[in-house]
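A.B. asks: What follows is model_34.csv, CSV, C-alpha atoms.
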```csv
chain,number,residue,atom,x,y,z
F,701,MET,CA,75.0,122.1,112.5
F,702,GLY,CA,78.7,122.9,112.6
F,703,TRP,CA,81.0,122.7,109.6
F,704,THR,CA,82.8,119.6,110.9
F,705,MET,CA,79.5,117.7,111.5
F,706,LYS,CA,78.3,118.7,108.1
F,707,LEU,CA,81.5,117.2,106.6
F,708,ALA,CA,81.1,114.0,108.6
F,709,THR,CA,77.4,113.7,107.6
F,710,ALA,CA,78.1,114.4,104.0
F,711,ALA,CA,81.0,111.8,104.0
F,712,LEU,CA,78.7,109.2,105.6
F,713,PHE,CA,76.0,109.8,103.0
F,714,LEU,CA,78.5,109.6,100.2
F,715,GLY,CA,80.1,106.5,101.5
F,716,LEU,CA,76.7,104.7,101.9
F,717,THR,CA,75.6,105.6,98.3
F,718,MET,CA,78.8,105.1,96.3
F,719,VAL,CA,79.2,101.9,94.3
F,720,VAL,CA,81.5,100.7,91.6
F,721,PRO,CA,80.7,97.8,89.3
F,722,GLY,CA,81.9,94.4,90.6
F,723,ASP,CA,83.6,91.8,88.4
F,724,GLU,CA,81.3,89.0,89.4
F,725,GLU,CA,79.1,87.4,86.7
F,726,ASP,CA,76.0,87.8,88.8
F,727,GLY,CA,76.5,91.6,88.7
F,728,ASP,CA,77.2,92.2,92.4
F,729,MET,CA,78.2,95.8,93.2
F,730,CYS,CA,81.2,96.9,95.2
F,731,MET,CA,80.0,99.1,98.1
F,732,TYR,CA,82.0,102.0,99.5
F,733,GLU,CA,81.5,102.1,103.3
F,734,ALA,CA,82.1,105.4,105.1
F,735,LEU,CA,84.1,105.8,108.2
F,736,SER,CA,82.4,106.2,111.6
F,737,ASP,CA,81.5,109.7,112.7
F,738,THR,CA,84.4,109.6,115.2
F,739,ASP,CA,86.9,108.9,112.4
F,740,ALA,CA,85.2,111.2,109.9
F,741,VAL,CA,86.0,114.3,112.0
F,742,LEU,CA,89.5,114.2,110.4
F,743,CYS,CA,88.0,114.6,106.9
F,744,LYS,CA,88.5,118.3,106.2
F,745,GLY,CA,89.0,119.5,102.6
F,746,LEU,CA,91.5,116.9,101.4
F,747,GLU,CA,91.0,114.4,98.5
F,748,VAL,CA,93.0,111.2,98.0
F,749,PHE,CA,92.6,109.4,94.7
F,750,TYR,CA,93.9,105.9,93.9
F,751,PRO,CA,93.6,104.0,90.6
F,752,GLU,CA,90.2,102.2,90.2
F,753,LEU,CA,89.1,103.5,93.7
F,754,GLY,CA,88.7,107.2,93.0
F,755,ASN,CA,88.6,109.5,96.0
F,756,ILE,CA,88.9,107.1,99.0
F,757,GLY,CA,89.1,109.9,101.6
F,758,CYS,CA,86.9,109.1,104.6
F,759,MET,CA,86.2,105.6,103.4
F,760,PHE,CA,87.1,102.0,104.0
F,761,VAL,CA,89.0,100.4,101.1
F,762,PRO,CA,86.3,98.0,99.7
F,763,ASP,CA,86.6,94.3,100.2
F,764,CYS,CA,86.0,93.5,96.6
F,765,ASN,CA,87.9,93.5,93.2
F,766,ASN,CA,91.1,92.7,95.2
F,767,TYR,CA,91.4,96.4,96.1
F,768,ARG,CA,93.0,95.7,99.6
F,769,GLN,CA,95.8,93.8,97.9
F,770,LYS,CA,96.2,96.2,95.0
F,771,ILE,CA,96.6,99.3,97.2
F,772,THR,CA,99.8,97.7,98.6
F,773,HIS,CA,101.3,97.8,95.2
F,774,TRP,CA,100.0,101.0,93.7
F,775,ASP,CA,102.2,104.1,93.4
F,776,GLU,CA,101.5,107.3,95.4
F,777,PRO,CA,97.9,108.6,95.2
F,778,ILE,CA,96.8,111.9,93.8
F,779,VAL,CA,96.4,114.2,96.8
F,780,LYS,CA,94.4,117.3,96.1
F,781,PHE,CA,93.7,120.3,98.3
F,782,PRO,CA,91.2,122.5,96.3
F,783,GLY,CA,91.4,125.2,99.0
F,784,ALA,CA,95.1,125.7,98.7
F,785,LEU,CA,96.4,129.2,98.2
F,786,GLU,CA,98.2,129.4,94.9
F,787,GLY,CA,101.0,131.6,96.3
F,788,ALA,CA,101.6,129.5,99.4
F,789,THR,CA,103.9,126.5,100.1
F,790,TYR,CA,102.7,123.3,101.8
F,791,ILE,CA,103.9,120.2,103.6
F,792,LEU,CA,102.2,116.8,103.0
F,793,VAL,CA,102.4,114.1,105.7
F,794,MET,CA,101.0,110.6,105.5
F,795,VAL,CA,101.1,108.4,108.6
F,796,ASP,CA,99.7,105.3,110.1
F,797,PRO,CA,98.9,105.8,113.8
F,798,ASP,CA,98.0,102.1,114.2
F,799,ALA,CA,101.3,100.4,113.8
F,800,PRO,CA,101.5,97.5,114.4
F,801,SER,CA,97.8,97.5,115.4
F,802,ARG,CA,95.2,100.0,116.6
F,803,SER,CA,94.8,98.1,119.9
F,804,SER,CA,98.6,98.2,120.5
F,805,PRO,CA,100.1,101.1,118.5
F,806,LYS,CA,103.7,100.6,119.8
F,807,ALA,CA,105.3,101.9,116.6
F,808,GLN,CA,103.1,104.9,116.0
F,809,PHE,CA,103.4,107.0,114.0
F,810,TRP,CA,104.6,105.1,111.0
F,811,ARG,CA,105.7,107.7,108.4
F,812,HIS,CA,104.5,106.6,105.0
F,813,TRP,CA,105.2,109.8,103.1
F,814,LEU,CA,106.6,113.3,103.8
F,815,VAL,CA,106.9,116.0,101.1
F,816,THR,CA,107.8,119.6,101.7
F,817,ASP,CA,108.0,122.7,99.4
F,818,ILE,CA,104.8,121.9,97.5
F,819,LYS,CA,103.6,124.9,95.6
F,820,GLY,CA,100.0,125.9,96.3
F,821,VAL,CA,99.1,125.9,92.6
F,822,ASP,CA,100.3,122.3,92.4
F,823,MET,CA,98.5,121.3,95.7
F,824,LYS,CA,95.2,122.6,94.2
F,825,LYS,CA,95.7,120.3,91.2
F,826,GLY,CA,96.9,117.3,93.1
F,827,LYS,CA,100.5,117.4,91.8
F,828,ILE,CA,102.7,116.5,94.7
F,829,GLN,CA,106.0,118.0,93.6
F,830,GLY,CA,108.5,119.2,96.1
F,831,GLN,CA,111.3,117.9,98.4
F,832,GLU,CA,110.5,114.3,99.3
F,833,LEU,CA,111.9,113.7,102.7
F,834,SER,CA,110.3,110.2,103.0
F,835,ALA,CA,109.5,108.4,99.8
F,836,TYR,CA,105.9,107.1,99.5
F,837,GLN,CA,105.4,103.7,101.1
F,838,PRO,CA,102.1,102.0,100.3
F,839,PRO,CA,99.7,100.8,103.0
F,840,SER,CA,100.8,97.3,104.1
F,841,PRO,CA,99.0,96.4,107.3
F,842,PRO,CA,100.3,93.2,108.9
F,843,ALA,CA,98.1,90.2,108.9
F,844,GLN,CA,95.8,89.8,111.9
F,845,SER,CA,96.3,93.4,113.0
F,846,GLY,CA,92.8,94.7,112.2
F,847,PHE,CA,92.0,97.8,110.3
F,848,HIS,CA,94.6,100.6,110.1
F,849,ARG,CA,94.0,104.3,109.6
F,850,TYR,CA,96.0,106.0,106.9
F,851,GLN,CA,96.0,109.7,107.7
F,852,PHE,CA,97.0,112.6,105.4
F,853,PHE,CA,97.7,116.1,106.7
F,854,VAL,CA,98.6,119.3,104.8
F,855,TYR,CA,100.4,122.1,106.6
F,856,LEU,CA,101.3,125.6,105.6
F,857,GLN,CA,105.1,125.8,105.3
F,858,GLU,CA,105.5,129.6,105.6
F,859,GLY,CA,109.0,129.7,104.2
F,860,GLN,CA,110.7,127.4,106.6
F,861,ASN,CA,113.4,124.9,105.7
F,862,ILE,CA,111.9,121.6,106.8
F,863,SER,CA,114.2,118.6,107.5
F,864,LEU,CA,114.3,115.3,109.4
F,865,HIS,CA,117.0,114.6,112.1
F,866,SER,CA,119.4,111.8,111.2
F,867,LYS,CA,117.7,109.6,113.9
F,868,GLU,CA,114.3,110.2,112.3
F,869,ASN,CA,115.8,109.0,109.0
F,870,LYS,CA,116.9,105.7,110.3
F,871,THR,CA,113.4,104.3,110.6
F,872,ARG,CA,109.9,105.2,109.6
F,873,GLY,CA,108.3,103.7,112.8
F,874,ASN,CA,108.0,105.3,116.2
F,875,TRP,CA,108.1,108.7,114.6
F,876,LYS,CA,107.5,111.5,117.2
F,877,MET,CA,105.2,113.4,114.9
F,878,ASP,CA,104.2,115.9,117.6
F,879,LYS,CA,107.9,116.8,118.2
F,880,PHE,CA,108.4,117.2,114.5
F,881,LEU,CA,105.4,119.6,114.2
F,882,ASN,CA,106.5,121.5,117.3
F,883,ARG,CA,110.0,121.9,116.0
F,884,PHE,CA,108.8,123.8,113.0
F,885,HIS,CA,105.9,125.5,114.8
F,886,LEU,CA,103.3,123.7,112.7
F,887,SER,CA,100.0,123.7,114.6
F,888,GLU,CA,96.6,122.9,113.0
F,889,PRO,CA,96.7,121.3,109.5
F,890,GLU,CA,95.1,123.3,106.6
F,891,ALA,CA,93.4,120.1,105.4
F,892,SER,CA,93.3,116.5,106.3
F,893,THR,CA,91.6,113.1,105.7
F,894,GLN,CA,92.1,109.4,106.2
F,895,PHE,CA,91.0,106.0,104.9
F,896,MET,CA,91.1,102.6,106.5
F,897,THR,CA,92.1,99.2,105.2
F,898,GLU,CA,93.3,95.8,106.6
F,899,ASN,CA,95.5,93.0,105.3
F,900,TYR,CA,93.7,91.5,102.3
F,901,GLN,CA,94.2,88.0,103.7
F,902,ASP,CA,92.1,89.0,106.7
F,903,SER,CA,89.1,89.9,104.6
F,904,PRO,CA,86.1,87.6,104.9
F,905,ASN,CA,86.0,87.0,101.2
F,906,TYR,CA,89.7,86.1,100.9
F,907,GLN,CA,90.3,82.7,99.2
F,908,PRO,CA,93.8,81.3,99.4
F,909,PRO,CA,95.3,80.0,96.1
F,910,ALA,CA,94.5,76.4,95.4
F,911,GLY,CA,97.4,74.2,96.4
F,912,GLY,CA,99.1,76.9,98.3
F,913,SER,CA,101.6,79.5,97.0
F,914,SER,CA,105.3,80.0,97.3
F,915,GLU,CA,104.9,83.8,97.3
F,916,PRO,CA,105.5,85.4,100.7
F,917,THR,CA,102.3,86.6,102.4
F,918,ASP,CA,103.8,90.1,102.9
F,919,THR,CA,107.2,90.9,101.3
F,920,GLN,CA,107.4,94.1,103.4
F,921,THR,CA,105.3,94.7,106.5
F,922,GLU,CA,105.1,97.8,108.6
F,923,LEU,CA,107.0,96.0,111.4
F,924,THR,CA,110.2,95.5,109.3
F,925,ALA,CA,110.2,98.1,106.5
F,926,GLY,CA,112.8,100.8,106.9
F,927,GLN,CA,114.5,99.2,109.9
```
In structure tokens, write the structure found in this file.

C.D. replies:
Amino acid sequence: MGWTMKLATAALFLGLTMVVPGDEEDGDMCMYEALSDTDAVLCKGLEVFYPELGNIGCMFVPDCNNYRQKITHWDEPIVKFPGALEGATYILVMVDPDAPSRSSPKAQFWRHWLVTDIKGVDMKKGKIQGQELSAYQPPSPPAQSGFHRYQFFVYLQEGQNISLHSKENKTRGNWKMDKFLNRFHLSEPEASTQFMTENYQDSPNYQPPAGGSSEPTDTQTELTAGQ
């Protein structure tokens, strides 16, 4: 069995067995569901930790404990690459290839986070410190757009001065990620992973507030943010 398949199998097993305590009085458990084998091939050596969720790499954000809404408000996650070389420098990229939806990704890639000049010793510990070219933007999938993949890639920087063109800085959507990578001769990532989530209002267990609410359903969706 190849290394990639072993990773996918391990992630699947982990996802099917991980649970966290639910907040229901009847003691229901919150199940962590693993991604399909097709999506799991991207899971290679990278860990992504959010508050309450832990390492969500290669998983669906659970439909419980209001996690799918909470993740739209949490600050940037801890991204850890245990295999990083302490003397090297890395680039971290987070994108959504499914904007505005996976069936019609007209705005791919949506650039959620881009950090360069990360020291290997920090990358190993999950301290993302460097030059932030695009500040972190939480996952905010539009309502009725299905599940979105949120992908993380770590590239070896090799002493280059990485920057975005002025046109790229004008919007996060429709980012030509392949052209960016080619411009700086970045080929295969050193590590990668992804997780999936959907708009919390599309979850089967979502219950609208009694009597309605004056709060907007999405204060900033991926179709309008940064444009």

A.B. asks: Report, in Å to a single decimal, how far apart CA of Glu858 in chain F and CA of His885 in chain F are.

C.D. replies: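 Atom-to-atom, CA of His885 in chain F and CA of Glu858 in chain F are spaced 10.1 Å apart.
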
A.B. asks: Measuring atom to atom with all atoms listed in the file, identify which of F:Pro762, F:Pro889, F:Pro842, F:Pro777 is nearest to Gly826 in chain F.

C.D. replies: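 Distance minimum relative to Gly826 in chain F lands on F:Pro777.
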
A.B. asks: I'd like the neighbourhood of His865 in chain F as number ranges by chain, where a residue qualifies if any of its atoms comes within 12 Å (using only C-alpha atoms), though same-chain residues fewer than 5 positions away should be ignored.

C.D. replies: F: 833, 870-871, 875-876, 879-880, 883

A.B. asks: Which of these residues is nearest to Met729 in chain F, using only C-alpha atoms: F:Leu856, F:Leu881, F:Cys764, F:Ala807?

C.D. replies: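 Using only C-alpha atoms, Met729 in chain F sits closest to F:Cys764.
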
A.B. asks: When you count only C-alpha atoms, which of these residues is closest to Glu786 in chain F: F:Met759, F:Leu814, F:Met823, F:Ala734?

C.D. replies: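 For Glu786 in chain F, the nearest of the given residues is F:Met823.
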
A.B. asks: Restricting the calculation to all atoms listed in the file, which member of F:Gln907, F:Ser863, F:Ser892, F:Gln851 is positioned closest to Pro797 in chain F?

C.D. replies: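 Between F:Gln907, F:Ser863, F:Ser892, F:Gln851, the residue approaching Pro797 in chain F most closely is F:Gln851.
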